[in-house]
Amino acid sequence: MTGAWSVTKLTQEPTGGPIEPLLELRFPAQADRLKLVRGSIRAAARMCGFNDTAAQNIVLAVDEACQNIIVHGYQGREDGEIVLRLARRRDGIQVSLVDSAPLVDPATITPRALTDIRPGRLGSYFIREIMDSADYRPRPDGAGNLLEMFKRLDGTPWQAT
Amino acid sequence: MTGAWSVTKLTQEPTGGPIEPLLELRFPAQADRLKLVRGSIRAAARMCGFNDTAAQNIVLAVDEACQNIIVHGYQGREDGEIVLRLARRRDGIQVSLVDSAPLVDPATITPRALTDIRPGRLGSYFIREIMDSADYRPRPDGAGNLLEMFKRLDGTPWQAT
Amino acid sequence: MASNLSEARNQDVVRLAGSVDLEHSPDIRRTLLDAVAERVDIFVDLSEVTYIDSSGIACLVEALQIARNHGANLGLFAVSRQAMRVLELARLDMVFSIHDDLASALQAKP
Amino acid sequence: MASNLSEARNQDVVRLAGSVDLEHSPDIRRTLLDAVAERVDIFVDLSEVTYIDSSGIACLVEALQIARNHGANLGLFAVSRQAMRVLELARLDMVFSIHDDLASALQAKP
Ligand SMILES: Nc1ncnc2c1ncn2[C@@H]1O[C@H](COP(=O)(O)OP(=O)(O)O)[C@@H](O)[C@H]1O
Ligand SMILES: Nc1ncnc2c1ncn2[C@@H]1O[C@H](COP(=O)(O)OP(=O)(O)O)[C@@H](O)[C@H]1O
């Protein structure tokens with residue numbers, strides 16, 4: 001893996017067939033809201049064909065991405081909002097996160113090394129371990145970030161680009 | 001109760017203090033989407049202070065209101081959308097449902113009588129049994145309906161107006 | 001949250017599981033109406049029901065009515081806590097004959 | 001989904017329950033750091049943990065490091081399936097000493 005882990009084959013070449021929107025969730029970027037969305041993520045993953053363990057892992061990855069927006073993106077700003085979109089593809093689940101926080105440089109998101117036994121950098125590590133891709137880019141209108149994540153049904157492991 | 005059960009004290013005289021938005025959910029008006037939102041409703045009700053049995057009842061009431069929008073409002077129209085807003089008040093939970101279906105005449109929503117042993121009219125019966133108020137009115141822009149429901153924390157029974 | 005629904009017909013027993021909701025009630029209705037069409041007493045196992053809504057309750061009520069029209073009965077047994085809460089809300093816990101398990105349901109047959 | 005979190009300090013045992021997540025980890029961190037400050041071995045009961053995220057894992061790792069710096073240890077016991085899944089994902093199941101129950105944890109004390 002070469003520094004950033006942001007650009008993946010997924011967004012360059014969508015091959016998974018049509019994207020079916022399942023549910024959009026919109027909530028204030030606050031830690032106490034995350035418990036409200038976990039059940040939806042889990043049920044959406046089940047609906048996309050994942051078993052319950054896989055679905056719980058997907059919940060963790062999406063939750064971690066939301067936490068990063070709350071903690072690092074908005075840095076505790078009270079009026080921040082997160083939009084979470086869940087969509088089904090024939091070959092997996094697609095999860096999008098939209099924020100209005102300052103633009104993120106994906107190169108700064110460096111997951112911990114496997115041998116690291118320190119408290120930090122676990123969130124991005126979980127996202128990378130669990131999802132097949134996570135693609136950070138600016139929103140088209142430039143007013144924030146768009147994080148597009150995908151998890152394949154067959155469980156093909158993470159492919160660095 | 002005088003025919004319709006739509007107008008309640010709640011919207012005429014909000015006395016419960018500030019309304020804190022918890023979560024907004026937006027989904028296609030389809031039966032297979034309801035399982036995606038139940039967990040959020042339950043967690044929101046718990047967050048508002050309801051015990052788990054009360055929270056499960058609130059899930060049922062909101063689910064029934066969504067079903068009525070799917071079945072009676074959109075009548076199976078595939079492009080219909082439902083917006084569900086969950087908010088916390090000091091004295092309970094407020095749930096709003098927004099649709100773009102033809103305008104409903106609240107007078108036509110007649111829950112089953114207690115002695116009725118027939119398959120229908122159970123949905124509005126559950127809503128009335130469980131919630132403290134359910135107020136149907138047109139959206140301000142006239143493009144659909146707004147259903148505002150409230151459940152008090154102390155469990156004061158339904159008050160007809 | 002899981003919506004896995006399984007119905008197993010075994011003689012006069014129908015087993016419902018998971019979410020007995022708007023998504024699954026068309027299938028469940030078919031199963032129940034097929035069962036009561038045979039004009040024998042039917043017992044419905046609700047032990048694995050995690051969620052039931054008005055459409056699920058309506059299936060049970062409709063099947064009960066048809067059974068009674070035939071001079072037969074439709075009883076419920078091993079009703080999960082979730083399902084019992086909703087039956088009680090609907091005030092139908094006194095309308096259905098409800099049994100702890102299949103053995104007592106069969107015992108109670110007239 | 002429930003986020004009820006209870007921590008009970010009882011000698012060298014800390015019990016975590018419910019969601020060990022971003023909402024609750026500041027309190028949990030305080031509890032764990034207070035516990036390891038006493039420079040004795042600490043055992044953490046994770047049997048009732050229904051959800052744990054990176055912030056919860058980070059609390060455990062930080063407390064483990066402080067304990068080790070004191071020449072003490074921090075062990076986990078009765079780890080719930082949910083918590084074990086996340087510890088394994090983090091490859092920390094080999095870093096913590098993990099015991100089936102408190103008795104075996106105490107037995108394993110050097
Ligand atoms: N949404 C984001 N906005 C800004 N920076 C981010 C975002 N997500 C991750 N980062 C950066 O990546 C780093 C690693 O994130 P993570 O692995 O979740 O660990 P931690 O949150 O413990 O630092 C963060 O410290 C932060 O600098
Ligand atoms: N959102 C709605 N839009 C239009 N009509 C509605 C709506 N909700 C309820 N109704 C009317 O109220 C009646 C009673 O609803 P309900 O008690 O849920 O029973 P059922 O759905 O079994 O008819 C419906 O048959 C319908 O005519």
# chains A, B, ... in the order shown; residues from 1 in each chain; ligands from 1

$ select_by_dssp --residues "chain C" --states "alpha helix (DSSP H)" --output "PyMOL selection string"
chain C and resi 25-37+54-69+81-89+102-107

$ residues_around --residues "His70 in chain C" --least-positions-apart "2" --cutoff "12 Å" --atoms "only C-alpha atoms" --output "ChimeraX atom specification"
/C:36-42,63-68,72-74

$ write_last_selection --atoms "all heavy atoms" --output "CSV table (one decimal), in the first residue's frame"
chain,number,residue,atom,x,y,z
C,36,VAL,N,-55.8,-23.8,6.9
C,36,VAL,CA,-57.2,-23.8,7.4
C,36,VAL,C,-58.2,-24.4,6.4
C,36,VAL,O,-59.3,-24.8,6.7
C,36,VAL,CB,-57.7,-22.5,8.0
C,36,VAL,CG1,-57.0,-22.1,9.2
C,36,VAL,CG2,-57.7,-21.4,6.9
C,37,ALA,N,-57.8,-24.3,5.1
C,37,ALA,CA,-58.6,-24.9,4.0
C,37,ALA,C,-58.9,-26.4,4.2
C,37,ALA,O,-59.9,-26.9,3.7
C,37,ALA,CB,-58.0,-24.6,2.7
C,38,GLU,N,-58.0,-27.0,5.0
C,38,GLU,CA,-58.1,-28.4,5.2
C,38,GLU,C,-59.1,-28.8,6.2
C,38,GLU,O,-59.3,-30.0,6.5
C,38,GLU,CB,-56.7,-29.1,5.5
C,38,GLU,CG,-55.8,-28.9,4.3
C,38,GLU,CD,-54.4,-29.4,4.6
C,38,GLU,OE1,-54.2,-30.1,5.5
C,38,GLU,OE2,-53.5,-29.0,3.9
C,39,ARG,N,-59.7,-27.8,6.8
C,39,ARG,CA,-60.9,-28.0,7.7
C,39,ARG,C,-60.5,-28.8,9.0
C,39,ARG,O,-61.4,-29.4,9.6
C,39,ARG,CB,-62.0,-28.7,7.0
C,39,ARG,CG,-62.6,-27.8,5.9
C,39,ARG,CD,-63.5,-28.5,4.9
C,39,ARG,NE,-64.0,-27.6,4.0
C,39,ARG,CZ,-65.2,-27.0,4.1
C,39,ARG,NH1,-65.9,-27.2,5.2
C,39,ARG,NH2,-65.6,-26.1,3.2
C,40,VAL,N,-59.2,-28.9,9.4
C,40,VAL,CA,-58.9,-29.5,10.6
C,40,VAL,C,-58.4,-28.4,11.6
C,40,VAL,O,-58.1,-27.2,11.1
C,40,VAL,CB,-57.7,-30.5,10.5
C,40,VAL,CG1,-58.2,-31.7,9.6
C,40,VAL,CG2,-56.5,-29.9,9.8
C,41,ASP,N,-58.3,-28.7,12.8
C,41,ASP,CA,-57.8,-27.7,13.8
C,41,ASP,C,-56.3,-27.4,13.4
C,41,ASP,O,-55.5,-28.3,13.1
C,41,ASP,CB,-57.8,-28.2,15.2
C,41,ASP,CG,-59.3,-28.3,15.7
C,41,ASP,OD1,-60.2,-27.7,15.0
C,41,ASP,OD2,-59.5,-28.8,16.8
C,42,ILE,N,-55.9,-26.2,13.5
C,42,ILE,CA,-54.6,-25.7,13.2
C,42,ILE,C,-54.0,-25.1,14.5
C,42,ILE,O,-54.6,-24.4,15.2
C,42,ILE,CB,-54.6,-24.6,12.1
C,42,ILE,CG1,-55.3,-25.2,10.8
C,42,ILE,CG2,-53.2,-24.1,11.8
C,42,ILE,CD1,-54.5,-26.3,10.2
C,63,ALA,N,-57.5,-16.2,9.3
C,63,ALA,CA,-57.4,-17.7,9.3
C,63,ALA,C,-58.3,-18.2,10.4
C,63,ALA,O,-59.0,-19.3,10.2
C,63,ALA,CB,-56.0,-18.1,9.5
C,64,LEU,N,-58.3,-17.5,11.5
C,64,LEU,CA,-59.2,-18.0,12.6
C,64,LEU,C,-60.7,-18.0,12.2
C,64,LEU,O,-61.4,-18.9,12.5
C,64,LEU,CB,-59.0,-17.0,13.8
C,64,LEU,CG,-60.0,-17.2,15.0
C,64,LEU,CD1,-59.6,-18.5,15.8
C,64,LEU,CD2,-59.9,-16.1,16.0
C,65,GLN,N,-61.1,-16.9,11.5
C,65,GLN,CA,-62.5,-16.8,11.1
C,65,GLN,C,-62.8,-17.9,10.1
C,65,GLN,O,-63.9,-18.5,10.2
C,65,GLN,CB,-62.7,-15.5,10.4
C,65,GLN,CG,-62.7,-14.3,11.4
C,65,GLN,CD,-62.7,-13.0,10.6
C,65,GLN,OE1,-62.1,-12.8,9.6
C,65,GLN,NE2,-63.5,-12.0,11.2
C,66,ILE,N,-61.9,-18.2,9.2
C,66,ILE,CA,-62.2,-19.3,8.2
C,66,ILE,C,-62.3,-20.6,8.9
C,66,ILE,O,-63.2,-21.4,8.7
C,66,ILE,CB,-61.1,-19.3,7.1
C,66,ILE,CG1,-61.3,-18.0,6.3
C,66,ILE,CG2,-61.3,-20.5,6.2
C,66,ILE,CD1,-60.1,-17.8,5.3
C,67,ALA,N,-61.4,-20.9,9.9
C,67,ALA,CA,-61.4,-22.1,10.6
C,67,ALA,C,-62.7,-22.3,11.3
C,67,ALA,O,-63.4,-23.3,11.3
C,67,ALA,CB,-60.2,-22.2,11.6
C,68,ARG,N,-63.1,-21.2,12.0
C,68,ARG,CA,-64.4,-21.2,12.8
C,68,ARG,C,-65.6,-21.5,11.9
C,68,ARG,O,-66.5,-22.2,12.2
C,68,ARG,CB,-64.6,-20.0,13.6
C,68,ARG,CG,-63.6,-19.9,14.8
C,68,ARG,CD,-63.9,-18.8,15.7
C,68,ARG,NE,-63.0,-18.9,16.9
C,68,ARG,CZ,-62.8,-17.9,17.7
C,68,ARG,NH1,-63.5,-16.8,17.6
C,68,ARG,NH2,-62.0,-18.0,18.7
C,72,ALA,N,-63.9,-25.6,12.7
C,72,ALA,CA,-62.6,-26.0,13.3
C,72,ALA,C,-62.1,-24.9,14.1
C,72,ALA,O,-62.8,-23.9,14.3
C,72,ALA,CB,-61.6,-26.4,12.2
C,73,ASN,N,-60.9,-25.0,14.6
C,73,ASN,CA,-60.3,-23.9,15.4
C,73,ASN,C,-58.9,-23.6,15.0
C,73,ASN,O,-58.2,-24.4,14.3
C,73,ASN,CB,-60.3,-24.3,16.9
C,73,ASN,CG,-60.0,-23.1,17.8
C,73,ASN,OD1,-60.1,-22.0,17.4
C,73,ASN,ND2,-59.6,-23.4,19.1
C,74,LEU,N,-58.4,-22.4,15.3
C,74,LEU,CA,-57.0,-22.1,15.1
C,74,LEU,C,-56.5,-21.6,16.4
C,74,LEU,O,-57.0,-20.6,17.0
C,74,LEU,CB,-56.9,-21.0,14.0
C,74,LEU,CG,-55.4,-20.5,13.7
C,74,LEU,CD1,-55.2,-20.3,12.2
C,74,LEU,CD2,-55.1,-19.2,14.5

$ residues_near_ligand --ligand "ligand 1" --cutoff "6 Å" --atoms "only C-alpha atoms and all ligand atoms" --output "list in words"
Asn68, Ile69, His72, Gly73, Val104, Thr108, Ile109, Thr110, Pro111, Gly120, Arg121, Leu122, Gly123, Ser124 and Tyr125 of chain A

$ interface_residues --of "chain A" --to "chain D" --cutoff "7 Å" --atoms "only C-alpha atoms" --output "PyMOL selection string"
chain A and resi 31-32+35+39+60+118-120+122-123

$ residues_around --residues "Leu84 in chain A" --least-positions-apart "3" --cutoff "8 Å" --atoms "only C-alpha atoms" --output "count of residues only"
7

$ closest_atom_pairs --of "chain A" --to "chain B" --cutoff "9 Å" --atoms "only C-alpha atoms" --output "CSV"
residue,atom,partner,partner_atom,distance
A:Pro21,CA,B:Phe27,CA,7.9
A:Leu22,CA,B:Phe27,CA,6.4
A:Leu23,CA,B:Phe27,CA,4.8
A:Glu24,CA,B:Arg26,CA,5.1
A:Leu25,CA,B:Leu25,CA,4.7
A:Arg26,CA,B:Glu24,CA,5.1
A:Phe27,CA,B:Leu23,CA,4.8
A:Pro28,CA,B:Leu22,CA,7.3
A:Asp32,CA,B:Met47,CA,9.0
A:Arg33,CA,B:Leu22,CA,6.9
A:Lys35,CA,B:Ala43,CA,6.9
A:Leu36,CA,B:Ser40,CA,4.8
A:Val37,CA,B:Ser40,CA,5.9
A:Arg38,CA,B:Ser40,CA,7.8
A:Gly39,CA,B:Gly39,CA,4.8
A:Ser40,CA,B:Leu36,CA,4.8
A:Ile41,CA,B:Leu36,CA,7.7
A:Arg42,CA,B:Leu36,CA,8.3
A:Ala43,CA,B:Leu36,CA,5.4
A:Ala44,CA,B:Leu36,CA,6.1
A:Met47,CA,B:Leu36,CA,8.7

$ select_by_dssp --residues "chain A" --states "strand (DSSP E or B)" --output "count of residues only"
39

$ closest_residue --among "B:Asp79, B:Asp91, B:Asp52, B:Asp99" --to "ligand 2" --atoms "only C-alpha atoms and all ligand atoms"
B:Asp99
